[in-house]
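Participant: Please find protein-v4.pdb (PDB, C-alpha atoms and all ligand atoms) on the next line:
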```
ATOM      1  CA  MET L   1      26.083 -68.191 -56.172  1.00  0.00           C
ATOM      2  CA  PHE L   2      22.907 -66.211 -56.553  1.00  0.00           C
ATOM      3  CA  VAL L   3      22.037 -63.021 -54.774  1.00  0.00           C
ATOM      4  CA  ASP L   4      19.544 -60.589 -56.203  1.00  0.00           C
ATOM      5  CA  LYS L   5      19.572 -57.195 -54.626  1.00  0.00           C
ATOM      6  CA  LYS L   6      19.491 -53.799 -56.267  1.00  0.00           C
ATOM      7  CA  THR L   7      21.214 -51.905 -53.514  1.00  0.00           C
ATOM      8  CA  GLY L   8      24.203 -54.234 -53.374  1.00  0.00           C
ATOM      9  CA  VAL L   9      25.552 -56.484 -50.679  1.00  0.00           C
ATOM     10  CA  HIS L  10      27.464 -55.049 -47.744  1.00  0.00           C
ATOM     11  CA  LEU L  11      29.366 -57.396 -45.516  1.00  0.00           C
ATOM     12  CA  VAL L  12      31.930 -57.471 -42.797  1.00  0.00           C
ATOM     13  CA  LEU L  13      33.999 -60.635 -43.020  1.00  0.00           C
ATOM     14  CA  THR L  14      36.009 -61.819 -40.079  1.00  0.00           C
ATOM     15  CA  GLY L  15      37.796 -64.930 -38.906  1.00  0.00           C
ATOM     16  CA  ALA L  16      41.008 -66.034 -37.234  1.00  0.00           C
ATOM     17  CA  PRO L  17      44.122 -66.612 -39.353  1.00  0.00           C
ATOM     18  CA  GLY L  18      43.823 -69.889 -41.215  1.00  0.00           C
ATOM     19  CA  THR L  19      40.020 -69.873 -41.476  1.00  0.00           C
ATOM     20  CA  GLY L  20      40.120 -69.101 -45.204  1.00  0.00           C
ATOM     21  CA  LYS L  21      38.822 -65.553 -44.866  1.00  0.00           C
ATOM     22  CA  GLY L  22      40.991 -64.115 -47.640  1.00  0.00           C
ATOM     23  CA  THR L  23      40.030 -66.908 -50.038  1.00  0.00           C
ATOM     24  CA  GLN L  24      36.326 -66.430 -49.330  1.00  0.00           C
ATOM     25  CA  ALA L  25      36.628 -62.682 -49.795  1.00  0.00           C
ATOM     26  CA  GLY L  26      38.101 -63.443 -53.232  1.00  0.00           C
ATOM     27  CA  VAL L  27      35.167 -65.714 -54.107  1.00  0.00           C
ATOM     28  CA  LEU L  28      32.620 -63.067 -53.033  1.00  0.00           C
ATOM     29  CA  LYS L  29      34.424 -60.421 -55.009  1.00  0.00           C
ATOM     30  CA  ARG L  30      34.347 -62.522 -58.174  1.00  0.00           C
ATOM     31  CA  GLU L  31      30.834 -63.918 -57.806  1.00  0.00           C
ATOM     32  CA  LEU L  32      29.030 -60.800 -56.647  1.00  0.00           C
ATOM     33  CA  GLY L  33      31.212 -58.041 -58.089  1.00  0.00           C
ATOM     34  CA  LEU L  34      31.782 -56.605 -54.635  1.00  0.00           C
ATOM     35  CA  CYS L  35      34.848 -54.615 -53.798  1.00  0.00           C
ATOM     36  CA  HIS L  36      37.136 -56.246 -51.270  1.00  0.00           C
ATOM     37  CA  LEU L  37      38.227 -53.641 -48.761  1.00  0.00           C
ATOM     38  CA  SER L  38      41.098 -55.101 -46.802  1.00  0.00           C
ATOM     39  CA  ALA L  39      42.162 -52.657 -44.090  1.00  0.00           C
ATOM     40  CA  GLY L  40      45.734 -53.951 -44.243  1.00  0.00           C
ATOM     41  CA  GLU L  41      45.958 -53.415 -47.991  1.00  0.00           C
ATOM     42  CA  MET L  42      44.361 -49.975 -47.735  1.00  0.00           C
ATOM     43  CA  LEU L  43      46.944 -48.943 -45.136  1.00  0.00           C
ATOM     44  CA  ARG L  44      49.810 -50.127 -47.307  1.00  0.00           C
ATOM     45  CA  GLU L  45      48.365 -48.273 -50.284  1.00  0.00           C
ATOM     46  CA  GLU L  46      47.999 -44.987 -48.391  1.00  0.00           C
ATOM     47  CA  ILE L  47      51.655 -45.269 -47.390  1.00  0.00           C
ATOM     48  CA  ARG L  48      52.796 -46.257 -50.867  1.00  0.00           C
ATOM     49  CA  LYS L  49      50.946 -43.335 -52.453  1.00  0.00           C
ATOM     50  CA  GLY L  50      52.246 -40.935 -49.827  1.00  0.00           C
ATOM     51  CA  THR L  51      48.788 -39.512 -49.037  1.00  0.00           C
ATOM     52  CA  GLU L  52      48.107 -37.294 -46.018  1.00  0.00           C
ATOM     53  CA  ILE L  53      46.830 -40.323 -44.117  1.00  0.00           C
ATOM     54  CA  GLY L  54      49.804 -42.360 -45.296  1.00  0.00           C
ATOM     55  CA  LYS L  55      52.246 -39.749 -44.030  1.00  0.00           C
ATOM     56  CA  LYS L  56      50.655 -39.847 -40.592  1.00  0.00           C
ATOM     57  CA  LEU L  57      50.546 -43.617 -40.547  1.00  0.00           C
ATOM     58  CA  GLU L  58      54.029 -44.508 -41.655  1.00  0.00           C
ATOM     59  CA  PRO L  59      55.954 -43.481 -38.516  1.00  0.00           C
ATOM     60  CA  LEU L  60      53.346 -45.075 -36.254  1.00  0.00           C
ATOM     61  CA  LEU L  61      53.357 -48.407 -38.016  1.00  0.00           C
ATOM     62  CA  ALA L  62      57.134 -48.362 -38.301  1.00  0.00           C
ATOM     63  CA  LYS L  63      57.264 -48.236 -34.490  1.00  0.00           C
ATOM     64  CA  GLY L  64      54.980 -51.251 -34.339  1.00  0.00           C
ATOM     65  CA  ASN L  65      51.945 -49.273 -33.113  1.00  0.00           C
ATOM     66  CA  PHE L  66      48.411 -49.951 -34.238  1.00  0.00           C
ATOM     67  CA  ALA L  67      46.936 -47.407 -36.611  1.00  0.00           C
ATOM     68  CA  PRO L  68      44.722 -45.033 -34.597  1.00  0.00           C
ATOM     69  CA  ASP L  69      40.951 -45.359 -34.953  1.00  0.00           C
ATOM     70  CA  GLU L  70      40.431 -41.918 -36.456  1.00  0.00           C
ATOM     71  CA  LEU L  71      42.900 -42.484 -39.311  1.00  0.00           C
ATOM     72  CA  ILE L  72      41.477 -45.910 -40.120  1.00  0.00           C
ATOM     73  CA  ILE L  73      37.962 -44.509 -40.060  1.00  0.00           C
ATOM     74  CA  GLU L  74      38.901 -41.620 -42.359  1.00  0.00           C
ATOM     75  CA  MET L  75      40.582 -44.031 -44.750  1.00  0.00           C
ATOM     76  CA  VAL L  76      37.622 -46.451 -44.938  1.00  0.00           C
ATOM     77  CA  SER L  77      35.119 -43.625 -45.249  1.00  0.00           C
ATOM     78  CA  LYS L  78      37.019 -42.241 -48.235  1.00  0.00           C
ATOM     79  CA  ARG L  79      37.317 -45.673 -49.817  1.00  0.00           C
ATOM     80  CA  ILE L  80      33.679 -46.795 -49.614  1.00  0.00           C
ATOM     81  CA  ALA L  81      32.624 -43.588 -51.380  1.00  0.00           C
ATOM     82  CA  GLN L  82      34.444 -44.667 -54.557  1.00  0.00           C
ATOM     83  CA  SER L  83      32.357 -45.872 -57.476  1.00  0.00           C
ATOM     84  CA  ASP L  84      33.755 -49.417 -57.617  1.00  0.00           C
ATOM     85  CA  CYS L  85      31.911 -50.013 -54.325  1.00  0.00           C
ATOM     86  CA  ASP L  86      28.501 -49.230 -55.854  1.00  0.00           C
ATOM     87  CA  LYS L  87      27.579 -52.921 -56.021  1.00  0.00           C
ATOM     88  CA  GLY L  88      28.592 -53.384 -52.431  1.00  0.00           C
ATOM     89  CA  PHE L  89      31.652 -54.286 -50.444  1.00  0.00           C
ATOM     90  CA  ILE L  90      33.298 -56.784 -48.172  1.00  0.00           C
ATOM     91  CA  LEU L  91      35.125 -55.193 -45.280  1.00  0.00           C
ATOM     92  CA  ASP L  92      38.040 -57.253 -44.072  1.00  0.00           C
ATOM     93  CA  GLY L  93      40.152 -56.254 -41.064  1.00  0.00           C
ATOM     94  CA  PHE L  94      37.714 -53.431 -40.248  1.00  0.00           C
ATOM     95  CA  PRO L  95      36.082 -52.633 -37.856  1.00  0.00           C
ATOM     96  CA  ARG L  96      38.573 -53.856 -35.275  1.00  0.00           C
ATOM     97  CA  THR L  97      37.250 -51.839 -32.323  1.00  0.00           C
ATOM     98  CA  VAL L  98      33.785 -50.884 -31.123  1.00  0.00           C
ATOM     99  CA  LEU L  99      34.616 -47.244 -31.869  1.00  0.00           C
ATOM    100  CA  GLN L 100      35.373 -48.206 -35.470  1.00  0.00           C
ATOM    101  CA  ALA L 101      32.127 -50.201 -35.610  1.00  0.00           C
ATOM    102  CA  GLU L 102      30.146 -47.184 -34.404  1.00  0.00           C
ATOM    103  CA  ALA L 103      31.867 -44.970 -36.966  1.00  0.00           C
ATOM    104  CA  LEU L 104      30.981 -47.490 -39.666  1.00  0.00           C
ATOM    105  CA  ASP L 105      27.329 -47.337 -38.594  1.00  0.00           C
ATOM    106  CA  GLU L 106      27.396 -43.582 -39.102  1.00  0.00           C
ATOM    107  CA  MET L 107      29.078 -43.822 -42.496  1.00  0.00           C
ATOM    108  CA  LEU L 108      26.443 -46.290 -43.643  1.00  0.00           C
ATOM    109  CA  ILE L 109      23.548 -44.191 -42.372  1.00  0.00           C
ATOM    110  CA  GLU L 110      24.942 -41.214 -44.294  1.00  0.00           C
ATOM    111  CA  ARG L 111      25.067 -43.273 -47.467  1.00  0.00           C
ATOM    112  CA  ASP L 112      21.701 -44.940 -46.807  1.00  0.00           C
ATOM    113  CA  ILE L 113      23.291 -48.375 -46.760  1.00  0.00           C
ATOM    114  CA  LYS L 114      22.405 -51.271 -44.479  1.00  0.00           C
ATOM    115  CA  LEU L 115      24.977 -53.796 -43.422  1.00  0.00           C
ATOM    116  CA  ASP L 116      23.648 -57.189 -44.519  1.00  0.00           C
ATOM    117  CA  ALA L 117      25.665 -59.329 -42.169  1.00  0.00           C
ATOM    118  CA  VAL L 118      28.852 -59.702 -40.208  1.00  0.00           C
ATOM    119  CA  ILE L 119      30.146 -63.105 -41.171  1.00  0.00           C
ATOM    120  CA  GLU L 120      32.572 -64.825 -38.870  1.00  0.00           C
ATOM    121  CA  ILE L 121      34.193 -67.880 -40.378  1.00  0.00           C
ATOM    122  CA  VAL L 122      34.685 -70.380 -37.595  1.00  0.00           C
ATOM    123  CA  VAL L 123      37.088 -73.296 -37.732  1.00  0.00           C
ATOM    124  CA  PRO L 124      38.182 -75.446 -34.740  1.00  0.00           C
ATOM    125  CA  ASP L 125      41.687 -74.598 -33.492  1.00  0.00           C
ATOM    126  CA  ASN L 126      43.178 -78.015 -34.243  1.00  0.00           C
ATOM    127  CA  ILE L 127      42.056 -77.728 -37.864  1.00  0.00           C
ATOM    128  CA  ILE L 128      43.392 -74.165 -38.195  1.00  0.00           C
ATOM    129  CA  ILE L 129      46.759 -75.430 -36.969  1.00  0.00           C
ATOM    130  CA  GLU L 130      46.709 -78.361 -39.364  1.00  0.00           C
ATOM    131  CA  ARG L 131      45.814 -76.018 -42.223  1.00  0.00           C
ATOM    132  CA  ILE L 132      48.484 -73.427 -41.526  1.00  0.00           C
ATOM    133  CA  LEU L 133      51.145 -76.091 -41.061  1.00  0.00           C
ATOM    134  CA  GLY L 134      50.080 -77.594 -44.405  1.00  0.00           C
ATOM    135  CA  ARG L 135      50.422 -74.309 -46.301  1.00  0.00           C
ATOM    136  CA  TYR L 136      53.050 -73.705 -48.894  1.00  0.00           C
ATOM    137  CA  THR L 137      53.693 -70.959 -51.404  1.00  0.00           C
ATOM    138  CA  CYS L 138      55.010 -70.876 -54.965  1.00  0.00           C
ATOM    139  CA  VAL L 139      58.375 -69.114 -54.799  1.00  0.00           C
ATOM    140  CA  LYS L 140      57.955 -67.639 -58.276  1.00  0.00           C
ATOM    141  CA  CYS L 141      54.444 -66.138 -58.187  1.00  0.00           C
ATOM    142  CA  GLY L 142      53.354 -66.304 -54.552  1.00  0.00           C
ATOM    143  CA  GLU L 143      50.280 -68.506 -55.075  1.00  0.00           C
ATOM    144  CA  ASN L 144      49.320 -70.219 -51.798  1.00  0.00           C
ATOM    145  CA  TYR L 145      48.592 -73.931 -51.648  1.00  0.00           C
ATOM    146  CA  SER L 146      47.538 -76.363 -48.973  1.00  0.00           C
ATOM    147  CA  ASP L 147      48.335 -80.053 -48.479  1.00  0.00           C
ATOM    148  CA  LYS L 148      44.700 -80.807 -47.813  1.00  0.00           C
ATOM    149  CA  PHE L 149      42.496 -78.180 -49.381  1.00  0.00           C
ATOM    150  CA  TYR L 150      44.223 -76.704 -52.380  1.00  0.00           C
ATOM    151  CA  LYS L 151      46.869 -78.749 -54.138  1.00  0.00           C
ATOM    152  CA  PRO L 152      48.267 -77.927 -57.572  1.00  0.00           C
ATOM    153  CA  GLU L 153      46.604 -79.958 -60.325  1.00  0.00           C
ATOM    154  CA  VAL L 154      49.933 -81.550 -61.179  1.00  0.00           C
ATOM    155  CA  ALA L 155      51.864 -82.391 -58.020  1.00  0.00           C
ATOM    156  CA  GLY L 156      54.879 -80.119 -57.587  1.00  0.00           C
ATOM    157  CA  VAL L 157      53.938 -77.726 -60.421  1.00  0.00           C
ATOM    158  CA  CYS L 158      52.289 -74.351 -59.746  1.00  0.00           C
ATOM    159  CA  ASP L 159      48.890 -74.013 -61.502  1.00  0.00           C
ATOM    160  CA  VAL L 160      49.415 -70.302 -62.042  1.00  0.00           C
ATOM    161  CA  CYS L 161      52.969 -69.953 -63.310  1.00  0.00           C
ATOM    162  CA  GLY L 162      54.329 -73.481 -63.782  1.00  0.00           C
ATOM    163  CA  GLY L 163      56.972 -72.905 -61.100  1.00  0.00           C
ATOM    164  CA  THR L 164      58.316 -75.966 -59.318  1.00  0.00           C
ATOM    165  CA  GLU L 165      59.823 -74.385 -56.214  1.00  0.00           C
ATOM    166  CA  PHE L 166      57.722 -73.967 -53.104  1.00  0.00           C
ATOM    167  CA  SER L 167      58.400 -72.533 -49.670  1.00  0.00           C
ATOM    168  CA  LYS L 168      56.878 -72.763 -46.200  1.00  0.00           C
ATOM    169  CA  ARG L 169      56.874 -70.106 -43.469  1.00  0.00           C
ATOM    170  CA  ILE L 170      59.381 -71.217 -40.878  1.00  0.00           C
ATOM    171  CA  ASP L 171      57.703 -69.288 -38.076  1.00  0.00           C
ATOM    172  CA  ASP L 172      54.548 -71.391 -38.425  1.00  0.00           C
ATOM    173  CA  THR L 173      54.709 -73.676 -35.412  1.00  0.00           C
ATOM    174  CA  CYS L 174      51.828 -74.973 -33.266  1.00  0.00           C
ATOM    175  CA  GLU L 175      52.767 -72.496 -30.569  1.00  0.00           C
ATOM    176  CA  THR L 176      52.954 -69.356 -32.739  1.00  0.00           C
ATOM    177  CA  ILE L 177      49.730 -70.307 -34.512  1.00  0.00           C
ATOM    178  CA  GLU L 178      47.899 -70.779 -31.177  1.00  0.00           C
ATOM    179  CA  LYS L 179      49.147 -67.362 -30.114  1.00  0.00           C
ATOM    180  CA  ARG L 180      47.869 -65.762 -33.321  1.00  0.00           C
ATOM    181  CA  ILE L 181      44.452 -67.379 -32.853  1.00  0.00           C
ATOM    182  CA  GLN L 182      44.277 -66.147 -29.254  1.00  0.00           C
ATOM    183  CA  LYS L 183      45.310 -62.653 -30.279  1.00  0.00           C
ATOM    184  CA  TYR L 184      42.578 -62.590 -32.905  1.00  0.00           C
ATOM    185  CA  ARG L 185      39.995 -63.584 -30.261  1.00  0.00           C
ATOM    186  CA  ASP L 186      41.188 -60.999 -27.730  1.00  0.00           C
ATOM    187  CA  VAL L 187      41.187 -58.171 -30.255  1.00  0.00           C
ATOM    188  CA  THR L 188      37.908 -58.940 -32.020  1.00  0.00           C
ATOM    189  CA  TYR L 189      35.794 -60.117 -29.061  1.00  0.00           C
ATOM    190  CA  PRO L 190      34.179 -56.727 -28.199  1.00  0.00           C
ATOM    191  CA  THR L 191      33.375 -56.007 -31.862  1.00  0.00           C
ATOM    192  CA  ILE L 192      31.912 -59.470 -32.394  1.00  0.00           C
ATOM    193  CA  LYS L 193      29.724 -58.941 -29.297  1.00  0.00           C
ATOM    194  CA  TYR L 194      28.656 -55.532 -30.629  1.00  0.00           C
ATOM    195  CA  TYR L 195      27.339 -57.086 -33.836  1.00  0.00           C
ATOM    196  CA  GLU L 196      25.854 -60.067 -32.041  1.00  0.00           C
ATOM    197  CA  GLN L 197      23.727 -57.685 -29.973  1.00  0.00           C
ATOM    198  CA  LYS L 198      22.583 -55.942 -33.140  1.00  0.00           C
ATOM    199  CA  GLY L 199      21.488 -59.273 -34.599  1.00  0.00           C
ATOM    200  CA  LEU L 200      23.959 -59.013 -37.471  1.00  0.00           C
ATOM    201  CA  LEU L 201      26.418 -61.735 -36.574  1.00  0.00           C
ATOM    202  CA  GLU L 202      26.411 -64.922 -38.623  1.00  0.00           C
ATOM    203  CA  LYS L 203      28.837 -67.649 -37.689  1.00  0.00           C
ATOM    204  CA  VAL L 204      29.669 -69.768 -40.709  1.00  0.00           C
ATOM    205  CA  ASP L 205      31.312 -73.159 -40.417  1.00  0.00           C
ATOM    206  CA  GLY L 206      34.608 -72.787 -42.286  1.00  0.00           C
ATOM    207  CA  ASN L 207      35.447 -76.461 -42.164  1.00  0.00           C
ATOM    208  CA  GLY L 208      35.494 -77.963 -45.650  1.00  0.00           C
ATOM    209  CA  ASN L 209      36.761 -77.048 -49.072  1.00  0.00           C
ATOM    210  CA  VAL L 210      36.534 -73.577 -50.599  1.00  0.00           C
ATOM    211  CA  GLY L 211      33.370 -74.270 -52.641  1.00  0.00           C
ATOM    212  CA  VAL L 212      31.447 -75.807 -49.740  1.00  0.00           C
ATOM    213  CA  VAL L 213      32.234 -72.892 -47.429  1.00  0.00           C
ATOM    214  CA  ALA L 214      31.417 -70.372 -50.180  1.00  0.00           C
ATOM    215  CA  GLU L 215      27.977 -71.966 -50.533  1.00  0.00           C
ATOM    216  CA  ARG L 216      27.347 -71.684 -46.817  1.00  0.00           C
ATOM    217  CA  ILE L 217      28.202 -67.986 -46.974  1.00  0.00           C
ATOM    218  CA  ALA L 218      25.993 -67.484 -50.046  1.00  0.00           C
ATOM    219  CA  LYS L 219      23.118 -69.157 -48.211  1.00  0.00           C
ATOM    220  CA  VAL L 220      23.474 -66.779 -45.276  1.00  0.00           C
ATOM    221  CA  ILE L 221      23.564 -63.738 -47.578  1.00  0.00           C
ATOM    222  CA  GLY L 222      20.531 -65.037 -49.505  1.00  0.00           C
ATOM    223  CA  GLN L 223      18.536 -65.519 -46.307  1.00  0.00           C
ATOM    224  CA  ARG L 224      19.476 -62.109 -45.020  1.00  0.00           C
ATOM    225  CA  ASN L 225      18.366 -60.467 -48.268  1.00  0.00           C
ATOM    226  CA  ALA L 226      15.083 -62.341 -48.219  1.00  0.00           C
ATOM    227  CA  GLU L 227      14.436 -60.943 -44.763  1.00  0.00           C
ATOM    228  CA  ILE L 228      15.087 -57.325 -45.635  1.00  0.00           C
ATOM    229  CA  CYS L 229      13.595 -57.046 -49.147  1.00  0.00           C
TER     230      CYS L 229
HETATM  231 ZN    ZN L 301      53.519 -69.987 -59.218  1.00  0.00          ZN
END
```
Would you mind giving the structure from this file in structure tokens?

Facilitator:
Amino acid sequence: MFVDKKTGVHLVLTGAPGTGKGTQAGVLKRELGLCHLSAGEMLREEIRKGTEIGKKLEPLLAKGNFAPDELIIEMVSKRIAQSDCDKGFILDGFPRTVLQAEALDEMLIERDIKLDAVIEIVVPDNIIIERILGRYTCVKCGENYSDKFYKPEVAGVCDVCGGTEFSKRIDDTCETIEKRIQKYRDVTYPTIKYYEQKGLLEKVDGNGNVGVVAERIAKVIGQRNAEIC
């Protein structure tokens, strides 16, 4: 993957569950040295560290509420100012609302950063379902595998830790997966529209193996950089 840009690469990565978003974020992080800012992980870290934000969040999340926009915004704003984000970042799980997207615009203006693209990984529903149903996890180390796309090199033996026991999520049924996909669409629709109107949205076909999809994403980033440099 080749991207040449002095100011770094700044992306928002989105996609329904099962589109391979997390895996692609990992590839971008490794290949481009970007920091992967997962909103979910940031929330858990604030709570674990017992920060001011964490203390406000814990009771809300424990009740099953969404984290309020202003706390999420404060948290992300603090995080992107850290030096490991100097080469750029991939935002994942943020922004979730138009208000968050507008706040992100302001943060970026303040830091003189331009968002390169909002990449939505798109995979047809039937394939998402097939993928999620084909997922299994190493019991020992938690590495995720897939019947079709990512099998261990030696069948039945984990590549990472050599474990031989694997588990599947029992709540993964066609019905619950369809619900999760629909929920993703309902929640993200206004934000996706927001970026579409700004000309930042790039839909990337997420059908195929990890390397093929990673190349499609790299191509989009390369084209975007060519346009703005
Ligand atoms: Zn393992």

Participant: Report as a list in words all protein, DNA and RNA residues lying within 9 Å of Pro124 (chain L), evaluated on only C-alpha atoms, omitting residues in the same chain fewer than 6 positions from it.

Facilitator: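 With the cut-off at 9 Å, the set is Thr19, Gly206 and Asn207 of chain L.
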
Participant: Using all atoms listed in the file, which protein or nucleic acid residues come within 8 Å of Leu37 (chain L)? Drop anything in the same chain fewer than 6 positions from it, and give the result as a PyMOL selection string.

Facilitator: chain L and resi 89-92

Participant: Which neighbours of region 50-53 of chain L fall inside 10 Å, counting all atoms listed in the file, when residues of the same chain fewer than 3 positions from it are skipped, and could you give them as a list in words?

Facilitator: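 Non-adjacent residues within range: Leu43, Arg44, Glu45, Glu46, Ile47, Lys56, Leu57, Glu58, Leu71, Ile72, Glu74 and Met75 of chain L.
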
Participant: Report as number ranges by chain the full result of the PyMOL selection byres (((not hetatm)) within 10 of (chain L and resi 301)) when it is applied to this structure.

Facilitator: L: 137-145, 152, 157-166

Participant: Based on the selection just made, write C-alpha atoms of those residues as a compact mmCIF listing (two decimals), in the coordinates of the input.

Facilitator:
```txt
# COMPACT_ATOMS: atom_id res chain seq x y z
CA THR L 137 53.69 -70.96 -51.40
CA CYS L 138 55.01 -70.88 -54.96
CA VAL L 139 58.38 -69.11 -54.80
CA LYS L 140 57.96 -67.64 -58.28
CA CYS L 141 54.44 -66.14 -58.19
CA GLY L 142 53.35 -66.30 -54.55
CA GLU L 143 50.28 -68.51 -55.08
CA ASN L 144 49.32 -70.22 -51.80
CA TYR L 145 48.59 -73.93 -51.65
CA PRO L 152 48.27 -77.93 -57.57
CA VAL L 157 53.94 -77.73 -60.42
CA CYS L 158 52.29 -74.35 -59.75
CA ASP L 159 48.89 -74.01 -61.50
CA VAL L 160 49.42 -70.30 -62.04
CA CYS L 161 52.97 -69.95 -63.31
CA GLY L 162 54.33 -73.48 -63.78
CA GLY L 163 56.97 -72.90 -61.10
CA THR L 164 58.32 -75.97 -59.32
CA GLU L 165 59.82 -74.39 -56.21
CA PHE L 166 57.72 -73.97 -53.10
```

Participant: Counting all atoms listed in the file, figure out which residue out of L:Leu34, L:Leu11, L:Ala39, L:Val98 gets nearest to Pro190 (chain L).

Facilitator: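 That would be L:Val98, the residue with the smallest distance to Pro190 (chain L).
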
Participant: Can you tell me how far CA of Asp84 (chain L) sits from CA of Asp112 (chain L), in Å to one decimal?

Facilitator: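 Value for the CA of Asp84 (chain L)-CA of Asp112 (chain L) distance: 16.8 Å.
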
Participant: So, with only C-alpha atoms as the atoms that count, which of L:Glu41, L:Glu106, L:Asp125, L:Glu31 lies closest to Gly18 (chain L)?

Facilitator: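 The shortest atom-to-atom distance to Gly18 (chain L) comes from L:Asp125.
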
Participant: Using all atoms listed in the file, which of L:Glu130, L:Asp86, L:Asp147, L:Glu153 sits nearest Ile177 (chain L)?

Facilitator: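 With all atoms listed in the file as the atom set, the closest residue is L:Glu130.
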
Participant: I'd like to know which of L:Glu70, L:Ile132, L:Tyr150, L:Gly40 is closest to Gly211 (chain L), using only C-alpha atoms.

Facilitator: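 Of L:Glu70, L:Ile132, L:Tyr150, L:Gly40, the one nearest Gly211 (chain L), counting only C-alpha atoms, is L:Tyr150.
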
Participant: Which is closer to Leu13 (chain L) than all the others in L:Gly208, L:Gly134, L:Pro95, L:Gly33, using all atoms listed in the file?

Facilitator: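 Between L:Gly208, L:Gly134, L:Pro95, L:Gly33, the residue approaching Leu13 (chain L) most closely is L:Pro95.
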
Participant: Looking at all atoms listed in the file, which of L:Val220, L:Ala101, L:Ala214, L:Leu61 is the one that sits closest to Lys193 (chain L)?

Facilitator: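 Closest candidate: L:Ala101.
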
Participant: Near Arg30 (chain L), within 12 Å and counting all atoms listed in the file, which residues show up once chain neighbours fewer than 5 positions away are dropped, as an MDAnalysis selection string?

Facilitator: chainID L and resid 1 23:25 35:36 87 89:90 214

Participant: If the PyMOL selection byres (((chain L and resi 187) around 12) and not hetatm) were run on this exact file, what residues would it hold? Put them as a list in words.

Facilitator: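 This file, filtered by the PyMOL selection byres (((chain L and resi 187) around 12) and not hetatm), leaves Thr14, Gly15, Ala16, Phe66, Gly93, Phe94, Pro95, Arg96, Thr97, Val98, Arg180, Ile181, Gln182, Lys183, Tyr184, Arg185, Asp186, Thr188, Tyr189, Pro190, Thr191, Ile192 and Lys193 of chain L.
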
Participant: Put a box with edges along x, y and z around all the listed atoms of region 31-35 of chain L, pad it by 6 Å on each side, then give me its centre and sizes in Å, one decimal, as AutoDock Vina command-line options.

Facilitator:
```
--center_x 31.9 --center_y -59.3 --center_z -55.9 --size_x 17.8 --size_y 21.3 --size_z 16.3
```

Participant: Assuming the chain letters and numbering stay as they are in my file, what does the PyMOL selection byres (((chain L and resi 105) around 12) and not hetatm) actually select? List them as a list in words.

Facilitator: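 Applying the PyMOL selection byres (((chain L and resi 105) around 12) and not hetatm) to the structure shown produces His10, Val12, Ile73, Ser77, Pro95, Val98, Leu99, Gln100, Ala101, Glu102, Ala103, Leu104, Glu106, Met107, Leu108, Ile109, Glu110, Arg111, Asp112, Ile113, Lys114, Leu115, Tyr194, Tyr195 and Lys198 of chain L.
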